[in-house]
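> Got a structure for you, questions after.
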Amino acid sequence: MQNPFLTLLLAATLVSAASLPPTPQPSSPKEPTPRPLRQEHLKITVPPAVRQGEVLQVQVRNAETPPLTATLANREAHFFQQRDGSYLALVSVSVFESPKMAMLNIQDAQGELLDSESIMIQDAHYRIQNVQVSKATEGLKPLPGELEAIQTLKDMVSPARYWSEPFLSPTPDCQNSPFGVLRYHNGKPTGDYHKGVDLRSPMGRPIRAITGGRVQIARMFRLHGGTVGLDHGQGVSSIYIHMSKVAVKAGQLVSQGETIGYVGSTGFATGPHLHWGLYVSGLPVNPSQFIHVPKCQ
């Protein structure tokens, strides 16, 4: 079943079980067990597959016991009640997760297993990209607290929901570097991947908020350059970097399409462009799952 909002990455941990003795033993009480006649009217809506680096939306309706968490491939996300009474969890899948069939487990606050679904994690076939970087740019180091501020934004799970669909592209320009590509600098592997999308935007072009949110970061960093980070609520956040000018202040509420800054070439950048990224439940995820941005020719 497909959902209009999302059709939607850490390697899975294998838990080895000790051999059972000859005499059958009861299951550990700490392990969630399905109820024989669990909530008759419970309705779970979830896509059958999700690709590496994308998000799986899990929607629960008619729950007698509210769901608390959804877990897939060792990644956990919390449910939030929506205006229509349903519960929604957004489970992110790592770029490095192995393609496989995995179990999605939905639990309540008591640890009871409300439902399990088989989900296919598909190979996204991310490629390699080489970027030519000058010695001066390559030697840039973050300011004290810079990386910590970015990590705090990634990990934010605030209860209020500011976002709504469809999302808006922050500039009207094409993308010249997609999400997920394995990054090489001057022909050498960095061991990292591109955690957002680069748009071929000219210097000074206004940058728009992709959806409603609260400004969490609004400052000039050394490595990221001019940076705005927006908390969209319920585990969703976005970041916009290399700005020439920041146009908002921390704590400010912004609406979709509102100008939050201007395109630049500050920080670790080889020329004017906009790098923007999307985080869901603590992981960078592919913005192209939410917004179609054409590739540059």
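Ordered as shown in the structure tokens, chains take letters A, B, and onward, while each chain numbers its residues from 1 and ligands are numbered from 1 in the order shown.
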Neighbours of A:Phe96 within 12 Å (only C-alpha atoms; same-chain residues fewer than 6 positions away dropped), as a list in words?
Leu9, Leu10, Ala11, Ala12, Arg51, Gln52, Gly53, Glu54, Ala73, Ile121, Gln122, Asp123, Ala124, His125, Tyr126, Gly180, Val181, Leu182, Gly191, Asp192, Tyr193, Leu283, Pro284 and Val285 of chain A
> Mind the document's chain letters and residue numbers, and return as a list in words the residues of stretch 71-233 of chain A that DSSP labels helix (DSSP H, G or I).
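Helix (DSSP H, G or I) members of stretch 71-233 of chain A, listed: Lys135, Ala136, Thr137, Glu138, Glu146, Leu147, Glu148, Ala149, Ile150, Gln151, Thr152, Leu153, Lys154 and Asp155 of chain A.
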> For the selection just defined, write its residues with C-alpha atoms to a file, as a compact mmCIF listing (two decimals), in the first residue's frame.

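As a result, again00.txt now contains:
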```txt
# COMPACT_ATOMS: atom_id res chain seq x y z
CA LYS A 135 44.52 22.76 -0.38
CA ALA A 136 43.07 25.77 1.45
CA THR A 137 39.54 24.36 1.33
CA GLU A 138 40.66 20.83 2.20
CA GLU A 146 30.06 23.51 15.07
CA LEU A 147 29.72 19.76 14.57
CA GLU A 148 27.88 19.43 17.88
CA ALA A 149 25.28 21.99 16.76
CA ILE A 150 24.70 20.04 13.53
CA GLN A 151 24.38 16.77 15.46
CA THR A 152 21.84 18.32 17.84
CA LEU A 153 19.75 19.34 14.84
CA LYS A 154 19.90 15.81 13.40
CA ASP A 155 18.79 14.25 16.67
```
> Give the strand (DSSP E or B) residues of stretch 50-198 of chain A, as DSSP finds them on the backbone, and put them as a ChimeraX atom specification.
/A:50-51,55-61,67-72,75-78,80-81,87-92,100-108,113-122,128-131,175-177,182-185,188-193,197-198
> Could you tell me which of A:Val157, A:Val228, A:Ile106, A:Leu113 comes closest to A:Arg208 if we count only C-alpha atoms?
A:Val228
> Near A:Leu140, within 8 Å and counting only C-alpha atoms, which residues show up once chain neighbours fewer than 4 positions away are dropped, as number ranges by chain?
A: 136, 222-223, 267-268
> Can you work out which one of A:Thr65, A:Thr211, A:Ser158, A:Asn130 has the shortest atom-to-atom distance to A:Leu278, counting only C-alpha atoms?
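Nearest to A:Leu278: A:Thr211.
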> Determine the nearest neighbour of A:Ser281 from the options A:Trp163, A:Phe79, A:Phe179, A:Tyr240, counting only C-alpha atoms.
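Selected residue with least distance to A:Ser281: A:Phe79.
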> Neighbours of A:Pro287 within 10 Å (only C-alpha atoms; same-chain residues fewer than 5 positions away dropped), as a PyMOL selection string?
chain A and resi 53-54+167+169+178-179+195-197+238+276-279+292-293
> Next, the residues of the selection above should be written as a tab-separated table (two decimals), in the first residue's frame with N, CA and C atoms.

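File written: result.tsv
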```
chain	number	residue	atom	x	y	z
A	53	GLY	N	18.86	4.66	2.44
A	53	GLY	CA	18.90	6.12	2.49
A	53	GLY	C	17.54	6.78	2.41
A	54	GLU	N	16.48	5.99	2.55
A	54	GLU	CA	15.15	6.59	2.47
A	54	GLU	C	14.37	6.34	3.76
A	167	PHE	N	6.55	19.09	0.02
A	167	PHE	CA	7.66	19.97	0.31
A	167	PHE	C	7.99	20.80	-0.93
A	169	SER	N	11.06	22.79	-3.18
A	169	SER	CA	12.50	22.86	-3.40
A	169	SER	C	13.01	24.23	-2.93
A	178	PRO	N	23.96	14.46	-6.37
A	178	PRO	CA	22.84	13.85	-5.67
A	178	PRO	C	23.21	13.33	-4.27
A	179	PHE	N	22.22	12.97	-3.53
A	179	PHE	CA	22.40	12.36	-2.22
A	179	PHE	C	23.00	10.95	-2.36
A	195	LYS	N	25.64	13.78	2.07
A	195	LYS	CA	24.48	13.67	2.95
A	195	LYS	C	23.35	14.63	2.59
A	196	GLY	N	23.39	15.16	1.40
A	196	GLY	CA	22.32	16.04	0.94
A	196	GLY	C	22.32	16.13	-0.57
A	197	VAL	N	21.76	17.21	-1.07
A	197	VAL	CA	21.69	17.46	-2.51
A	197	VAL	C	22.31	18.82	-2.78
A	238	SER	N	15.78	19.98	8.52
A	238	SER	CA	16.50	20.24	7.27
A	238	SER	C	17.61	21.25	7.52
A	276	TRP	N	21.69	21.34	0.48
A	276	TRP	CA	20.68	21.22	1.52
A	276	TRP	C	20.45	19.74	1.82
A	277	GLY	N	20.13	19.48	3.08
A	277	GLY	CA	19.95	18.10	3.50
A	277	GLY	C	18.71	17.94	4.35
A	278	LEU	N	18.27	16.70	4.44
A	278	LEU	CA	17.07	16.35	5.21
A	278	LEU	C	17.43	15.25	6.19
A	279	TYR	N	17.03	15.42	7.45
A	279	TYR	CA	17.26	14.42	8.49
A	279	TYR	C	15.92	13.91	8.99
A	292	HIS	N	11.00	16.24	-6.22
A	292	HIS	CA	11.66	15.91	-7.48
A	292	HIS	C	12.44	17.12	-7.96
A	293	VAL	N	13.77	16.96	-8.04
A	293	VAL	CA	14.64	18.02	-8.56
A	293	VAL	C	15.37	17.45	-9.78
```
> Neighbours of A:Pro170 within 10 Å (only C-alpha atoms; same-chain residues fewer than 2 positions away dropped), as a compact mmCIF listing (two decimals) with C-alpha atoms, in the first residue's frame?

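Output (around09.txt):
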```txt
# COMPACT_ATOMS: atom_id res chain seq x y z
CA PHE A 167 7.66 19.97 0.31
CA LEU A 168 9.07 22.84 -1.77
CA PRO A 172 14.27 26.41 -8.55
CA ASP A 173 17.61 25.05 -9.82
CA LEU A 199 21.73 22.62 -6.36
CA PRO A 206 17.03 33.52 -2.24
CA ILE A 207 16.78 30.20 -0.38
CA ARG A 208 13.29 29.13 0.72
CA ALA A 209 12.15 26.93 3.60
CA ILE A 210 10.98 23.59 2.19
CA THR A 211 8.10 23.51 4.70
CA TYR A 240 20.99 24.67 4.23
CA GLN A 256 6.96 27.19 3.67
CA GLY A 257 8.54 29.33 0.95
CA GLU A 258 9.82 31.99 3.34
CA THR A 259 13.32 33.30 2.53
CA ILE A 260 15.81 32.02 5.10
CA LEU A 274 23.26 25.39 -2.32
CA HIS A 275 23.79 22.21 -0.36
CA TRP A 276 20.68 21.22 1.52
CA ILE A 291 10.97 16.60 -3.83
```
> If we count only C-alpha atoms and set the cut-off at 8 Å, which residues sit around A:Ala250, ignoring sequence neighbours fewer than 5 positions away in its own chain? Please answer as a PDB file with N, CA and C atoms, in the first residue's frame.

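Wrote it out as part-v2.pdb, contents follow:
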```
ATOM      1  N   ARG A 214      10.798  25.617  12.857  1.00  0.00           N
ATOM      2  CA  ARG A 214      11.398  26.550  13.808  1.00  0.00           C
ATOM      3  C   ARG A 214      12.901  26.570  13.565  1.00  0.00           C
ATOM      4  N   VAL A 215      13.487  27.778  13.514  1.00  0.00           N
ATOM      5  CA  VAL A 215      14.917  27.916  13.246  1.00  0.00           C
ATOM      6  C   VAL A 215      15.715  27.436  14.459  1.00  0.00           C
ATOM      7  N   GLN A 216      16.530  26.418  14.249  1.00  0.00           N
ATOM      8  CA  GLN A 216      17.394  25.872  15.292  1.00  0.00           C
ATOM      9  C   GLN A 216      18.817  26.408  15.171  1.00  0.00           C
ATOM     10  N   ILE A 217      19.275  26.588  13.926  1.00  0.00           N
ATOM     11  CA  ILE A 217      20.621  27.126  13.664  1.00  0.00           C
ATOM     12  C   ILE A 217      20.491  28.282  12.690  1.00  0.00           C
ATOM     13  N   ALA A 218      21.175  29.385  12.974  1.00  0.00           N
ATOM     14  CA  ALA A 218      21.212  30.527  12.054  1.00  0.00           C
ATOM     15  C   ALA A 218      22.513  31.280  12.320  1.00  0.00           C
TER      16      ALA A 218
END
```
> Between A:Ala63, A:Ala160, A:Val263, A:Leu104, single out the one closest to A:Gly85, counting only C-alpha atoms.
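Closest candidate: A:Ala63.
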> Smallest atom-to-atom distance to A:Leu143: which of A:Val248, A:Met220, A:Val46, A:Leu72, using only C-alpha atoms?
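Selected residue with least distance to A:Leu143: A:Met220.
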> Measuring atom to atom with only C-alpha atoms, identify which of A:Pro67, A:Gly271, A:Gly225, A:Ser237 is nearest to A:Pro142.
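For A:Pro142, the nearest of the given residues is A:Gly225.
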> Tell me, in Å to one decimal, how far atom CA of A:Gly235 is from atom CA of A:Val55.
11.6 Å
> Please provide as a list in words all residues within 8 Å of A:Val131, with the sequence filter that same-chain residues fewer than 6 positions apart are discarded (counting only C-alpha atoms).
Arg183, Tyr184, His185, Asn186 and Gly187 of chain A
